[in-house]
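Notes for the one structure printed next.
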Amino acid sequence: MSEMDTILDAEERGRTGLWPFWRKLYAQGDPLPAFPAPAARAYRFDEDDPLPEEYKSLLLRMLRHEGERAGNKSFLGLMATCLDLAEALFPDRESKLIKAEYVAEELKHAIMFHRLAVGLERDFALRDVPYAHYSFHLPRETWADDAYFHFFVDLNGAFHSRDWRESSYVPLAKMATTVERDELGHSEMGYHFLQQICSEPRGRELAQRLLAKWYPAALDMFGRSDSPNVPKFIGWGLKTIGNAEIRELYKGYVDRKIAALGLDVPDERRDRKFL
Amino acid sequence: MSAIAEEIREAYAAVGITLDQPATFGTYYRLLCDGCGRMLGQVGDKLLPGMAAEIVGRQRDLYASGLLGCACGHQRRMQEKPA
């Protein structure tokens, strides 16, 4: 049995009526909005191909932001916070187990991205890159905070992974479908907890208030709409879509889900730091 | 302690929550109840300047109503005290 088969077997045995959360979503069709059709691919690079300097620099920059690498201490630190919160705040034992499945799946990504990093630049595989965006650092003081973190932040990962399906870097394109599916499942896990929280009035009141903290951060995660690097990423085939466009698709998705919880969607310009 | 971590420490001290030592590789910190020491949550040290005070300030009524804060009631009692 190969390394990956062992992981897949372990995943299969971890399945419950709820986990993995992506299963129900994809069974109903493609859960993500349609991205604009990408331009014809001008470049295509595989693991051992020599990479143009700018291309490699942009790819490494993208992977630094992504962060899920076994050799990235800061990623492991973030996972430790998830376990800490699960221990301290979990509402019931099932939720605690679900969070353990979540961490296991993120560690699977850490192995996948580790292999990709080693194939790209060996020194990068062990580089510690703390998450720079403030959304990864917002205080999580309740299970509702933690649920929002997963609903919004993991969903950001799913949207970017959807874009990577078309990546000109073949090793990234190959893993994109798995990462997208898993990250969407993690987001749906957060949403599942939000549904539970919003099912009673005090929970809904708390969720509405905390939404004002998480919603602007979620939209800010896509970066500035006029980022000068985006045309370079698109030109090299590392992205197919600009920051403003992917943010708009994401916003449409989360707004519908927020409304379905019975919550008011905040003003999209309120408290934004990166427009 | 970084300037941002110091900002976070000050913001939470005002509502009866202690910023613990860095929990994991210096990036994330546990939030502990000042009253009983129970862990209440986590926060990272890459918040933007001024953000911690703004977030905690906006949450004061949530501590007062018991929607946030420790089950021991310490933060709620802190909000009842005159400033």
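Chain identifiers are assigned as A, B, and so on, following the order in which chains appear in the structure tokens; residues are numbered from 1 within each chain, and ligands are numbered from 1 in order of appearance.
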For chain A, work out the contacting residues on chain B at 9 Å, counting only C-alpha atoms, and write them as a list in words. Ala23, Thr24, Phe25, Gly26, Thr27, Tyr28, Tyr29, Arg30, Leu31, Arg38, Met39, Leu40, Gly41, Gln42, Val43, Gly44, Asp45, Lys46, Leu47, Leu48, Ala52, Ile55, Gln59, Leu62, Leu67, Leu68 and Gly69 of chain B
Would you give me, as number ranges by chain, the residues in stretch 116-200 of chain A that DSSP reads as helix (DSSP H, G or I)? A: 116-120, 122-126, 134-136, 143-164, 170-197
Find the residues near A:Pro50: any atom within 12 Å, counting only C-alpha atoms, skip ones fewer than 4 places away on the same chain, and give them as JSON, numbers by chain. {"A": [44, 45, 46, 54, 55, 56, 119, 120, 121, 169]}
Those selected residues, please, written with C-alpha atoms and delivered as a PDB file, in the first residue's frame.
```pdb
ATOM      1  CA  ARG A  44       3.187  24.870 -18.294  1.00  0.00           C
ATOM      2  CA  PHE A  45       5.930  23.799 -15.902  1.00  0.00           C
ATOM      3  CA  ASP A  46       6.415  20.493 -14.123  1.00  0.00           C
ATOM      4  CA  GLU A  54       9.910  35.836 -11.899  1.00  0.00           C
ATOM      5  CA  TYR A  55       7.680  32.782 -12.187  1.00  0.00           C
ATOM      6  CA  LYS A  56       9.447  30.987  -9.362  1.00  0.00           C
ATOM      7  CA  GLY A 119      10.223  19.727  -5.537  1.00  0.00           C
ATOM      8  CA  LEU A 120      10.347  23.477  -5.958  1.00  0.00           C
ATOM      9  CA  GLU A 121      13.080  24.676  -3.610  1.00  0.00           C
ATOM     10  CA  TYR A 169       2.476  24.721 -12.298  1.00  0.00           C
TER      11      TYR A 169
END
```
Near A:Tyr215, within 8 Å and counting only C-alpha atoms, which residues show up once chain neighbours fewer than 6 positions away are dropped, as a ChimeraX atom specification? /A:152,266,268
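DSSP, applied to the backbone of this structure, assigns strand (DSSP E or B) to the following residues of chain B: Ile17, Thr18, Leu19, Asp20, Gln21, Pro22, Ala23, Thr24, Tyr28, Tyr29, Arg30, Leu31, Leu32, Cys33, Met39, Leu40, Gly41, Gln42, Val43 and Gly44 of chain B.
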Kindly save the residues from that selection, with C-alpha atoms included, as a CSV table (one decimal), in the first residue's frame.
```csv
chain,number,residue,atom,x,y,z
B,17,ILE,CA,-8.7,38.9,30.6
B,18,THR,CA,-4.9,38.1,30.7
B,19,LEU,CA,-2.8,37.6,27.7
B,20,ASP,CA,-0.7,34.5,28.5
B,21,GLN,CA,2.8,33.7,27.2
B,22,PRO,CA,3.1,32.8,23.5
B,23,ALA,CA,1.5,29.4,23.1
B,24,THR,CA,3.0,28.3,19.8
B,28,TYR,CA,-0.5,32.9,19.1
B,29,TYR,CA,-1.3,33.7,22.7
B,30,ARG,CA,-3.9,32.1,25.0
B,31,LEU,CA,-6.5,34.4,26.6
B,32,LEU,CA,-7.0,33.5,30.3
B,33,CYS,CA,-9.7,34.6,32.7
B,39,MET,CA,-8.6,29.5,29.1
B,40,LEU,CA,-11.1,31.6,27.2
B,41,GLY,CA,-9.6,31.7,23.7
B,42,GLN,CA,-6.7,32.5,21.4
B,43,VAL,CA,-5.4,35.6,19.6
B,44,GLY,CA,-2.5,36.1,17.2
```
Using only C-alpha atoms: which of B:Val56, B:Asp61, B:Met51, B:Cys36 has the shortest distance to B:His74: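 Smallest distance to B:His74 is found for B:Cys36.
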Set the distance at 10 Å and use only C-alpha atoms: which residues neighbour A:Ala158 once local chain neighbours fewer than 4 positions away are removed? I'd like the list as a PyMOL selection string. chain A and resi 32+152-154+162-164+176-187+250
Can you list, as number ranges by chain, every protein, DNA or RNA residue that comes within 12 Å of A:Asp123 when you count only C-alpha atoms, leaving out same-chain residues fewer than 4 positions away? A: 60, 71-72, 114, 117-119, 127-128
Would you compute the distance between atom CA of A:Met189 and atom CA of A:Met221? Give it in Å to one decimal.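 Atom-to-atom, atom CA of A:Met189 to atom CA of A:Met221, that is 19.7 Å.
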Selected residue of minimal separation from A:Arg247 among A:Glu47, A:Leu263, A:Tyr148, A:Pro33, counting only C-alpha atoms: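 Going through A:Glu47, A:Leu263, A:Tyr148, A:Pro33 one by one, the smallest distance to A:Arg247 is for A:Pro33.
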Distance criterion (only C-alpha atoms): nearest to B:Gly50 out of B:Asp34, B:Met78, B:Ser65, B:Ile8: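 With only C-alpha atoms as the atom set, the closest residue is B:Ile8.
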For B:Arg60, which residue out of B:Val15, B:Gly73, B:Ser2, B:Gly37 is the nearest one, using only C-alpha atoms? B:Val15
Please indicate the distance in Å from atom CA of A:Phe274 to atom CA of A:Pro216, rounded to one decimal place. 9.2 Å
Counting only C-alpha atoms, the option among B:Gly35, B:Met1, B:Lys81, B:Cys72 closest to B:Gly16: B:Gly35
So that I can check the surroundings of B:Ala53, please list as an MDAnalysis selection string every protein, DNA and RNA residue that reaches within 9 Å of it, counting only C-alpha atoms and ignoring chain neighbours fewer than 5 positions away. chainID B and resid 7:8 10:12 58
